[in-house]
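Here is model-v2.txt, consisting of compact mmCIF, N, CA and C atoms:
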# COMPACT_ATOMS: atom_id res chain seq x y z
N MET A 29 -5.56 7.11 -39.23
CA MET A 29 -4.93 8.39 -39.47
C MET A 29 -3.70 8.48 -38.58
N ALA A 30 -2.57 8.70 -39.16
CA ALA A 30 -1.32 8.84 -38.42
C ALA A 30 -1.04 10.31 -38.15
N ILE A 31 -0.43 10.57 -37.03
CA ILE A 31 -0.05 11.95 -36.68
C ILE A 31 1.45 12.08 -36.86
N ASN A 32 1.85 13.11 -37.55
CA ASN A 32 3.26 13.36 -37.77
C ASN A 32 3.76 14.29 -36.66
N PHE A 33 4.56 13.74 -35.77
CA PHE A 33 5.09 14.53 -34.66
C PHE A 33 6.37 15.29 -35.03
N ASP A 34 6.90 15.04 -36.22
CA ASP A 34 8.14 15.72 -36.61
C ASP A 34 7.99 17.23 -36.56
N ALA A 35 6.87 17.73 -37.03
CA ALA A 35 6.67 19.19 -37.02
C ALA A 35 6.62 19.73 -35.59
N ILE A 36 6.08 18.96 -34.67
CA ILE A 36 5.99 19.38 -33.27
C ILE A 36 7.39 19.44 -32.65
N PHE A 37 8.22 18.46 -32.99
CA PHE A 37 9.53 18.35 -32.35
C PHE A 37 10.64 19.09 -33.09
N SER A 38 10.36 19.56 -34.31
CA SER A 38 11.43 20.22 -35.06
C SER A 38 11.87 21.49 -34.32
N GLY A 39 13.16 21.64 -34.22
CA GLY A 39 13.71 22.80 -33.53
C GLY A 39 13.71 22.66 -32.01
N MET A 40 13.17 21.57 -31.49
CA MET A 40 13.15 21.35 -30.04
C MET A 40 14.22 20.31 -29.72
N GLN A 41 15.26 20.74 -29.07
CA GLN A 41 16.34 19.82 -28.74
C GLN A 41 15.83 18.79 -27.74
N ASN A 42 16.01 17.51 -28.06
CA ASN A 42 15.57 16.39 -27.20
C ASN A 42 14.07 16.45 -26.88
N GLY A 43 13.26 16.87 -27.85
CA GLY A 43 11.82 17.04 -27.63
C GLY A 43 11.13 15.81 -27.07
N PRO A 44 11.23 14.64 -27.73
CA PRO A 44 10.54 13.46 -27.21
C PRO A 44 10.99 13.09 -25.80
N GLU A 45 12.30 13.22 -25.51
CA GLU A 45 12.81 12.89 -24.19
C GLU A 45 12.26 13.84 -23.13
N LYS A 46 12.15 15.13 -23.48
CA LYS A 46 11.61 16.10 -22.53
C LYS A 46 10.14 15.80 -22.22
N ILE A 47 9.39 15.47 -23.26
CA ILE A 47 7.98 15.18 -23.04
C ILE A 47 7.82 13.92 -22.19
N LYS A 48 8.60 12.89 -22.49
CA LYS A 48 8.54 11.68 -21.66
C LYS A 48 8.93 12.00 -20.23
N GLY A 49 9.95 12.83 -20.03
CA GLY A 49 10.35 13.24 -18.69
C GLY A 49 9.23 13.93 -17.94
N ASN A 50 8.46 14.75 -18.65
CA ASN A 50 7.33 15.43 -18.02
C ASN A 50 6.23 14.44 -17.63
N PHE A 51 5.96 13.45 -18.49
CA PHE A 51 4.98 12.44 -18.14
C PHE A 51 5.45 11.65 -16.92
N ASP A 52 6.75 11.32 -16.86
CA ASP A 52 7.28 10.61 -15.71
C ASP A 52 7.09 11.41 -14.43
N LYS A 53 7.25 12.72 -14.50
CA LYS A 53 7.06 13.57 -13.32
C LYS A 53 5.60 13.53 -12.88
N ILE A 54 4.70 13.60 -13.83
CA ILE A 54 3.28 13.61 -13.51
C ILE A 54 2.86 12.29 -12.88
N ASN A 55 3.33 11.17 -13.41
CA ASN A 55 2.89 9.86 -12.95
C ASN A 55 3.70 9.29 -11.80
N SER A 56 4.80 9.93 -11.43
CA SER A 56 5.67 9.33 -10.43
C SER A 56 4.97 9.15 -9.09
N GLY A 57 4.00 9.98 -8.75
CA GLY A 57 3.28 9.83 -7.50
C GLY A 57 2.35 8.65 -7.48
N LEU A 58 1.96 8.16 -8.64
CA LEU A 58 1.02 7.05 -8.70
C LEU A 58 1.72 5.70 -8.75
N ILE A 59 3.01 5.70 -8.76
CA ILE A 59 3.78 4.46 -8.79
C ILE A 59 4.04 4.03 -7.35
N TRP A 60 4.03 2.74 -7.10
CA TRP A 60 4.20 2.22 -5.75
C TRP A 60 5.65 1.85 -5.51
N GLY A 61 6.09 2.05 -4.28
CA GLY A 61 7.43 1.64 -3.87
C GLY A 61 7.52 0.13 -3.76
N GLN A 62 8.68 -0.35 -3.41
CA GLN A 62 8.92 -1.79 -3.26
C GLN A 62 8.14 -2.35 -2.08
N PRO A 63 7.68 -3.61 -2.18
CA PRO A 63 7.00 -4.24 -1.04
C PRO A 63 7.95 -4.31 0.16
N GLN A 64 7.42 -4.01 1.32
CA GLN A 64 8.17 -4.06 2.57
C GLN A 64 7.52 -5.10 3.48
N SER A 65 8.31 -5.73 4.31
CA SER A 65 7.77 -6.71 5.26
C SER A 65 7.36 -6.04 6.55
N PHE A 66 6.29 -6.53 7.15
CA PHE A 66 5.92 -6.10 8.49
C PHE A 66 7.02 -6.53 9.45
N LEU A 67 7.12 -5.86 10.57
CA LEU A 67 8.13 -6.17 11.57
C LEU A 67 7.57 -7.13 12.61
N SER A 68 8.43 -7.97 13.16
CA SER A 68 8.10 -8.85 14.29
C SER A 68 6.82 -9.64 14.09
N LEU A 69 6.78 -10.44 13.04
CA LEU A 69 5.62 -11.31 12.83
C LEU A 69 5.55 -12.32 13.97
N ASN A 70 4.39 -12.40 14.59
CA ASN A 70 4.23 -13.31 15.72
C ASN A 70 2.92 -14.07 15.57
N GLY A 71 3.01 -15.32 15.11
CA GLY A 71 1.84 -16.18 15.05
C GLY A 71 0.86 -15.89 13.93
N ILE A 72 1.30 -15.26 12.83
CA ILE A 72 0.35 -14.95 11.75
C ILE A 72 0.82 -15.43 10.38
N GLY A 73 1.95 -16.10 10.28
CA GLY A 73 2.46 -16.50 8.98
C GLY A 73 3.28 -15.38 8.37
N ASN A 74 3.88 -15.63 7.21
CA ASN A 74 4.78 -14.62 6.66
C ASN A 74 4.42 -14.13 5.27
N SER A 75 3.19 -14.30 4.82
CA SER A 75 2.76 -13.77 3.51
C SER A 75 2.14 -12.39 3.72
N ASN A 76 2.96 -11.45 4.14
CA ASN A 76 2.44 -10.15 4.51
C ASN A 76 3.38 -9.07 4.02
N ALA A 77 2.81 -8.05 3.39
CA ALA A 77 3.64 -6.96 2.87
C ALA A 77 2.83 -5.68 2.81
N TYR A 78 3.55 -4.58 2.76
CA TYR A 78 2.93 -3.29 2.53
C TYR A 78 3.79 -2.51 1.55
N LYS A 79 3.14 -1.58 0.84
CA LYS A 79 3.85 -0.70 -0.09
C LYS A 79 3.33 0.71 0.14
N ILE A 80 4.21 1.69 -0.04
CA ILE A 80 3.84 3.09 0.07
C ILE A 80 3.86 3.69 -1.33
N ARG A 81 2.82 4.44 -1.66
CA ARG A 81 2.80 5.12 -2.95
C ARG A 81 3.87 6.20 -2.94
N ASN A 82 4.53 6.42 -4.07
CA ASN A 82 5.66 7.35 -4.15
C ASN A 82 5.34 8.76 -3.70
N ASP A 83 4.10 9.20 -3.83
CA ASP A 83 3.77 10.55 -3.37
C ASP A 83 3.50 10.60 -1.87
N GLY A 84 3.57 9.45 -1.19
CA GLY A 84 3.41 9.39 0.26
C GLY A 84 1.99 9.56 0.76
N ASN A 85 1.00 9.46 -0.12
CA ASN A 85 -0.39 9.69 0.27
C ASN A 85 -1.18 8.44 0.60
N GLU A 86 -0.61 7.25 0.38
CA GLU A 86 -1.40 6.04 0.55
C GLU A 86 -0.50 4.85 0.84
N ILE A 87 -1.03 3.89 1.60
CA ILE A 87 -0.34 2.63 1.86
C ILE A 87 -1.23 1.50 1.35
N SER A 88 -0.60 0.50 0.76
CA SER A 88 -1.29 -0.70 0.30
C SER A 88 -0.85 -1.84 1.21
N ILE A 89 -1.81 -2.54 1.81
CA ILE A 89 -1.51 -3.65 2.70
C ILE A 89 -2.07 -4.92 2.08
N THR A 90 -1.24 -5.95 1.97
CA THR A 90 -1.66 -7.26 1.47
C THR A 90 -1.22 -8.29 2.49
N MET A 91 -2.17 -9.05 3.03
CA MET A 91 -1.84 -10.02 4.08
C MET A 91 -2.66 -11.29 3.92
N TYR A 92 -2.08 -12.37 4.39
CA TYR A 92 -2.83 -13.60 4.62
C TYR A 92 -2.48 -14.01 6.03
N VAL A 93 -3.44 -13.89 6.92
CA VAL A 93 -3.22 -14.13 8.34
C VAL A 93 -3.58 -15.57 8.67
N THR A 94 -2.62 -16.31 9.18
CA THR A 94 -2.85 -17.70 9.58
C THR A 94 -2.84 -17.77 11.10
N GLY A 95 -3.07 -18.95 11.62
CA GLY A 95 -3.05 -19.12 13.07
C GLY A 95 -4.40 -18.83 13.67
N ASP A 96 -4.42 -18.72 15.00
CA ASP A 96 -5.68 -18.57 15.72
C ASP A 96 -6.18 -17.13 15.78
N GLY A 97 -5.45 -16.19 15.20
CA GLY A 97 -5.88 -14.80 15.22
C GLY A 97 -5.32 -14.02 16.38
N ASN A 98 -4.58 -14.68 17.28
CA ASN A 98 -4.00 -13.98 18.42
C ASN A 98 -2.60 -13.44 18.12
N GLY A 99 -2.16 -13.58 16.88
CA GLY A 99 -0.84 -13.09 16.50
C GLY A 99 -0.82 -11.58 16.35
N SER A 100 0.36 -11.08 16.02
CA SER A 100 0.52 -9.65 15.83
C SER A 100 1.72 -9.38 14.92
N CYS A 101 1.81 -8.16 14.49
CA CYS A 101 2.96 -7.70 13.73
C CYS A 101 3.02 -6.18 13.90
N TYR A 102 4.03 -5.56 13.33
CA TYR A 102 4.19 -4.12 13.50
C TYR A 102 4.46 -3.43 12.18
N LEU A 103 3.87 -2.27 12.02
CA LEU A 103 4.26 -1.32 10.99
C LEU A 103 5.23 -0.34 11.64
N PRO A 104 6.17 0.20 10.89
CA PRO A 104 7.02 1.25 11.48
C PRO A 104 6.14 2.42 11.96
N THR A 105 6.47 3.00 13.10
CA THR A 105 5.67 4.11 13.63
C THR A 105 5.69 5.32 12.70
N SER A 106 6.73 5.44 11.88
CA SER A 106 6.76 6.55 10.92
C SER A 106 5.59 6.44 9.95
N ILE A 107 5.05 5.24 9.77
CA ILE A 107 3.88 5.04 8.90
C ILE A 107 2.61 5.02 9.74
N SER A 108 2.60 4.25 10.83
CA SER A 108 1.36 4.09 11.61
C SER A 108 0.83 5.41 12.14
N LYS A 109 1.71 6.34 12.45
CA LYS A 109 1.27 7.64 12.97
C LYS A 109 0.65 8.52 11.88
N LYS A 110 0.80 8.13 10.62
CA LYS A 110 0.22 8.88 9.51
C LYS A 110 -1.07 8.26 8.98
N LEU A 111 -1.50 7.14 9.57
CA LEU A 111 -2.71 6.47 9.08
C LEU A 111 -3.94 7.32 9.35
N ASP A 112 -4.80 7.41 8.34
CA ASP A 112 -6.02 8.19 8.48
C ASP A 112 -7.06 7.43 9.30
N TYR A 113 -7.03 6.12 9.28
CA TYR A 113 -7.88 5.29 10.13
C TYR A 113 -7.11 4.03 10.46
N ASN A 114 -7.58 3.26 11.45
CA ASN A 114 -6.74 2.18 11.94
C ASN A 114 -7.42 0.81 12.04
N THR A 115 -8.53 0.60 11.36
CA THR A 115 -9.16 -0.72 11.32
C THR A 115 -9.35 -1.12 9.87
N VAL A 116 -8.92 -2.34 9.55
CA VAL A 116 -9.01 -2.86 8.19
C VAL A 116 -9.82 -4.15 8.23
N VAL A 117 -10.74 -4.31 7.30
CA VAL A 117 -11.60 -5.49 7.23
C VAL A 117 -10.92 -6.55 6.37
N GLY A 118 -11.07 -7.81 6.78
CA GLY A 118 -10.55 -8.94 6.02
C GLY A 118 -11.63 -9.99 5.82
N ARG A 119 -11.38 -10.92 4.90
CA ARG A 119 -12.31 -12.03 4.63
C ARG A 119 -11.62 -13.34 4.93
N THR A 120 -12.29 -14.20 5.68
CA THR A 120 -11.69 -15.49 6.03
C THR A 120 -11.94 -16.52 4.94
N ASP A 121 -11.20 -17.62 5.00
CA ASP A 121 -11.40 -18.71 4.05
C ASP A 121 -12.81 -19.27 4.11
N ASN A 122 -13.44 -19.16 5.27
CA ASN A 122 -14.82 -19.66 5.44
C ASN A 122 -15.85 -18.56 5.18
N ASN A 123 -15.46 -17.52 4.45
CA ASN A 123 -16.32 -16.40 4.07
C ASN A 123 -16.85 -15.60 5.26
N GLY A 124 -16.10 -15.62 6.35
CA GLY A 124 -16.44 -14.77 7.48
C GLY A 124 -15.73 -13.43 7.35
N ILE A 125 -16.03 -12.53 8.26
CA ILE A 125 -15.41 -11.21 8.28
C ILE A 125 -14.50 -11.13 9.50
N GLY A 126 -13.30 -10.62 9.27
CA GLY A 126 -12.35 -10.41 10.36
C GLY A 126 -11.80 -9.00 10.27
N PHE A 127 -10.96 -8.65 11.23
CA PHE A 127 -10.43 -7.29 11.30
C PHE A 127 -8.95 -7.29 11.65
N MET A 128 -8.26 -6.28 11.18
CA MET A 128 -6.92 -5.96 11.64
C MET A 128 -7.01 -4.56 12.26
N ASN A 129 -6.57 -4.45 13.49
CA ASN A 129 -6.54 -3.15 14.18
C ASN A 129 -5.08 -2.71 14.28
N ILE A 130 -4.83 -1.44 14.00
CA ILE A 130 -3.47 -0.90 14.02
C ILE A 130 -3.40 0.18 15.09
N ASN A 131 -2.50 0.00 16.04
CA ASN A 131 -2.27 1.02 17.05
C ASN A 131 -1.41 2.10 16.43
N ASN A 132 -1.96 3.30 16.26
CA ASN A 132 -1.24 4.37 15.57
C ASN A 132 0.05 4.76 16.30
N ASP A 133 0.04 4.71 17.62
CA ASP A 133 1.21 5.16 18.39
C ASP A 133 2.36 4.16 18.37
N THR A 134 2.05 2.86 18.41
CA THR A 134 3.10 1.84 18.48
C THR A 134 3.34 1.11 17.17
N GLY A 135 2.36 1.15 16.24
CA GLY A 135 2.45 0.42 14.99
C GLY A 135 2.03 -1.04 15.11
N LYS A 136 1.63 -1.47 16.32
CA LYS A 136 1.26 -2.88 16.51
C LYS A 136 -0.07 -3.19 15.82
N CYS A 137 -0.06 -4.27 15.04
CA CYS A 137 -1.25 -4.74 14.34
C CYS A 137 -1.75 -6.00 15.03
N THR A 138 -3.01 -6.01 15.42
CA THR A 138 -3.61 -7.20 16.03
C THR A 138 -4.82 -7.60 15.20
N PHE A 139 -5.27 -8.83 15.38
CA PHE A 139 -6.27 -9.41 14.50
C PHE A 139 -7.42 -10.03 15.27
N HIS A 140 -8.59 -10.00 14.66
CA HIS A 140 -9.77 -10.70 15.19
C HIS A 140 -10.36 -11.49 14.03
N LYS A 141 -10.49 -12.81 14.26
CA LYS A 141 -11.11 -13.68 13.26
C LYS A 141 -12.21 -14.49 13.94
N PRO A 142 -13.32 -14.73 13.24
CA PRO A 142 -14.41 -15.49 13.86
C PRO A 142 -14.17 -17.00 13.89
N ASP A 143 -13.15 -17.46 13.16
CA ASP A 143 -12.87 -18.89 13.13
C ASP A 143 -11.37 -19.10 12.92
N ALA A 144 -10.95 -20.35 12.83
CA ALA A 144 -9.52 -20.66 12.73
C ALA A 144 -9.00 -20.68 11.29
N SER A 145 -9.85 -20.34 10.33
CA SER A 145 -9.38 -20.34 8.95
C SER A 145 -8.48 -19.13 8.70
N GLY A 146 -7.78 -19.15 7.57
CA GLY A 146 -6.94 -18.02 7.21
C GLY A 146 -7.78 -16.80 6.85
N MET A 147 -7.17 -15.63 6.93
CA MET A 147 -7.89 -14.40 6.61
C MET A 147 -7.09 -13.57 5.61
N TYR A 148 -7.75 -13.13 4.55
CA TYR A 148 -7.14 -12.29 3.53
C TYR A 148 -7.44 -10.83 3.82
N ILE A 149 -6.42 -10.00 3.70
CA ILE A 149 -6.60 -8.56 3.84
C ILE A 149 -5.94 -7.89 2.64
N GLN A 150 -6.69 -7.07 1.95
CA GLN A 150 -6.15 -6.21 0.90
C GLN A 150 -6.78 -4.85 1.12
N ALA A 151 -5.94 -3.87 1.42
CA ALA A 151 -6.49 -2.57 1.76
C ALA A 151 -5.61 -1.44 1.25
N LEU A 152 -6.24 -0.36 0.88
CA LEU A 152 -5.56 0.90 0.58
C LEU A 152 -6.00 1.87 1.66
N ILE A 153 -5.03 2.42 2.39
CA ILE A 153 -5.33 3.33 3.49
C ILE A 153 -4.68 4.67 3.21
N PRO A 154 -5.46 5.75 3.27
CA PRO A 154 -4.87 7.08 3.09
C PRO A 154 -3.88 7.40 4.21
N LEU A 155 -2.82 8.10 3.87
CA LEU A 155 -1.87 8.58 4.85
C LEU A 155 -2.04 10.08 4.97
N VAL A 156 -2.03 10.57 6.19
CA VAL A 156 -2.15 11.98 6.45
C VAL A 156 -0.77 12.61 6.25
N THR A 157 -0.71 13.62 5.43
CA THR A 157 0.55 14.33 5.21
C THR A 157 0.38 15.75 5.68
N HIS A 158 1.10 16.11 6.69
CA HIS A 158 1.00 17.48 7.24
C HIS A 158 2.19 18.27 6.78

Could you render the structure as C-alpha cells?
Amino acid sequence: MAINFDAIFSGMQNGPEKIKGNFDKINSGLIWGQPQSFLSLNGIGNSNAYKIRNDGNEISITMYVTGDGNGSCYLPTSISKKLDYNTVVGRTDNNGIGFMNINNDTGKCTFHKPDASGMYIQALIPLVTH
C-alpha cells in the first residue's frame, strides 16, 4: 500500500524540506562529532580517539593501549571535568581485565594492565552538563 503525500504537502511551501529539517533538528543530538586525538600520548601507541556527541551529553572513547601499561595520555580538561565517572574497563589480548583511570582535574589518563599484551577500551561515558 503506497501513501500519497501530495495531499499532505499541497499548499505547504517547501513542505518536504521543512519536514526533513525538523527531523534533522531532532536527530542532531544523536550524531557524533569528528574523532579527536588524545593529547600527549606517552608509551601507549597511537590508535586512540574520542568523540563527543553533538548534544554534549556523552563521550565515546576507543583505544588500543600498547606497551607495559605505564604510559599515559590526556583528555582536554574542558571534557575531563564533565565526566560523570573516571574509571573505564578494558580487555587485554590475553582476555584479562585492565583499567583506564582519568584524573578529572588534569585530564591525565593512566592505565593498569595485568600483563604486557595490548588492551582494548571502548566506552561511552556520560558528561555532566550544568

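Take atom CA of A:Gly126 and atom CA of A:Tyr148: the distance between them is 8.8 Å.
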
Problem - Between atom CA of A:Gly95 and atom CA of A:Gln64, distance in Å (one decimal) - result: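 Computed distance, atom CA of A:Gly95 to atom CA of A:Gln64, equals 21.5 Å.
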
Exercise for the section: Name the closest residue to A:Tyr78 among the candidates A:Asn123, A:Ser100, A:Gln62, A:Asn132; distances are taken between atoms, counting only C-alpha atoms. Expected result: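 Checking each of A:Asn123, A:Ser100, A:Gln62, A:Asn132 against A:Tyr78, counting only C-alpha atoms, the winner is A:Gln62.
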
Handout entry: Given only C-alpha atoms as the counted atoms, nearest of A:Asn98, A:Leu103, A:Asp112, A:Asn131 to A:Ala77
Key =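 Using only C-alpha atoms, A:Ala77 sits closest to A:Leu103.
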
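Distances here use only C-alpha atoms; by that measure, the residue among A:Ser106, A:Asn76, A:Thr90, A:Asn70 closest to A:Thr138 is A:Asn70.
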
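Comparing the minimum interatomic distances between A:Met147 and each of A:Tyr102, A:Phe127, A:Tyr92, A:Tyr113, counting only C-alpha atoms, we find that A:Tyr92 sits nearest.
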
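The interatomic distance for the pair atom C of A:Ser75 and atom C of A:Gly97 works out to 14.8 Å.
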
Exercise for the section: Give me the residues within 8 Å of A:Leu111 as an NGL selection string, counting all atoms listed in the file and dropping any in the same chain fewer than 2 places off. Expected result: :A and (106-109 or 113-114 or 132 or 153-157)

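In the backbone-derived DSSP annotation, strand (DSSP E) within stretch 101-131 of chain A comprises Cys101, Tyr102, Thr115, Val116, Val117, Gly118, Arg119, Thr120, Ile125, Gly126, Phe127, Met128, Asn129 and Ile130 of chain A.
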
Write to file, as a short mmCIF file (atom, residue, chain, number, x, y, z; two decimals), in the frame of the given file, the residues of the selection just made, with N, CA and C atoms.
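Once everything was written out, this is again00.cif:
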data_model
loop_
_atom_site.label_atom_id
_atom_site.label_comp_id
_atom_site.auth_asym_id
_atom_site.auth_seq_id
_atom_site.Cartn_x
_atom_site.Cartn_y
_atom_site.Cartn_z
N CYS A 101 1.81 -8.16 14.49
CA CYS A 101 2.96 -7.70 13.73
C CYS A 101 3.02 -6.18 13.90
N TYR A 102 4.03 -5.56 13.33
CA TYR A 102 4.19 -4.12 13.50
C TYR A 102 4.46 -3.43 12.18
N THR A 115 -8.53 0.60 11.36
CA THR A 115 -9.16 -0.72 11.32
C THR A 115 -9.35 -1.12 9.87
N VAL A 116 -8.92 -2.34 9.55
CA VAL A 116 -9.01 -2.86 8.19
C VAL A 116 -9.82 -4.15 8.23
N VAL A 117 -10.74 -4.31 7.30
CA VAL A 117 -11.60 -5.49 7.23
C VAL A 117 -10.92 -6.55 6.37
N GLY A 118 -11.07 -7.81 6.78
CA GLY A 118 -10.55 -8.94 6.02
C GLY A 118 -11.63 -9.99 5.82
N ARG A 119 -11.38 -10.92 4.90
CA ARG A 119 -12.31 -12.03 4.63
C ARG A 119 -11.62 -13.34 4.93
N THR A 120 -12.29 -14.20 5.68
CA THR A 120 -11.69 -15.49 6.03
C THR A 120 -11.94 -16.52 4.94
N ILE A 125 -16.03 -12.53 8.26
CA ILE A 125 -15.41 -11.21 8.28
C ILE A 125 -14.50 -11.13 9.50
N GLY A 126 -13.30 -10.62 9.27
CA GLY A 126 -12.35 -10.41 10.36
C GLY A 126 -11.80 -9.00 10.27
N PHE A 127 -10.96 -8.65 11.23
CA PHE A 127 -10.43 -7.29 11.30
C PHE A 127 -8.95 -7.29 11.65
N MET A 128 -8.26 -6.28 11.18
CA MET A 128 -6.92 -5.96 11.64
C MET A 128 -7.01 -4.56 12.26
N ASN A 129 -6.57 -4.45 13.49
CA ASN A 129 -6.54 -3.15 14.18
C ASN A 129 -5.08 -2.71 14.28
N ILE A 130 -4.83 -1.44 14.00
CA ILE A 130 -3.47 -0.90 14.02
C ILE A 130 -3.40 0.18 15.09
#

Handout entry: Which residue of A:Asp121, A:Gly135, A:Leu58, A:Pro63 approaches A:Asn82 most closely, using all atoms listed in the file
Key =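 For A:Asn82, the nearest of the candidates is A:Leu58.
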
Practice task
Compare A:Gln150, A:Thr105, A:Ser88, A:Thr94 by their minimum atom-to-atom distance to A:Gly118, counting all atoms listed in the file, and give me the closest one.
Solution key: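 Smallest separation from A:Gly118 among the options: A:Gln150.
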
Problem - Contact residues around A:Ile59 with only C-alpha atoms at 9 Å, ignoring same-chain residues under 5 positions, as a PyMOL selection string - result: chain A and resi 80-83

Handout entry: Shell around A:Pro142 at 6 Å using all atoms listed in the file, local window under 2 positions removed, as a list in words
Key =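 Listed by chain and then number, they are Ile125, Gly126, His140 and Ala144 of chain A.
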
Residues within 8 Å of A:Ala151, please, as a short mmCIF file (atom, residue, chain, number, x, y, z; two decimals) with N, CA and C atoms, in the coordinates of the input. Count only N, CA and C atoms; anything in the same chain fewer than 6 positions from it doesn't count.
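part17.cif was written with the following content:
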data_model
loop_
_atom_site.label_atom_id
_atom_site.label_comp_id
_atom_site.auth_asym_id
_atom_site.auth_seq_id
_atom_site.Cartn_x
_atom_site.Cartn_y
_atom_site.Cartn_z
N ILE A 87 -1.03 3.89 1.60
CA ILE A 87 -0.34 2.63 1.86
C ILE A 87 -1.23 1.50 1.35
N SER A 88 -0.60 0.50 0.76
CA SER A 88 -1.29 -0.70 0.30
C SER A 88 -0.85 -1.84 1.21
N ILE A 89 -1.81 -2.54 1.81
CA ILE A 89 -1.51 -3.65 2.70
C ILE A 89 -2.07 -4.92 2.08
N THR A 90 -1.24 -5.95 1.97
CA THR A 90 -1.66 -7.26 1.47
C THR A 90 -1.22 -8.29 2.49
N MET A 91 -2.17 -9.05 3.03
CA MET A 91 -1.84 -10.02 4.08
C MET A 91 -2.66 -11.29 3.92
N VAL A 116 -8.92 -2.34 9.55
CA VAL A 116 -9.01 -2.86 8.19
C VAL A 116 -9.82 -4.15 8.23
N VAL A 117 -10.74 -4.31 7.30
CA VAL A 117 -11.60 -5.49 7.23
C VAL A 117 -10.92 -6.55 6.37
#
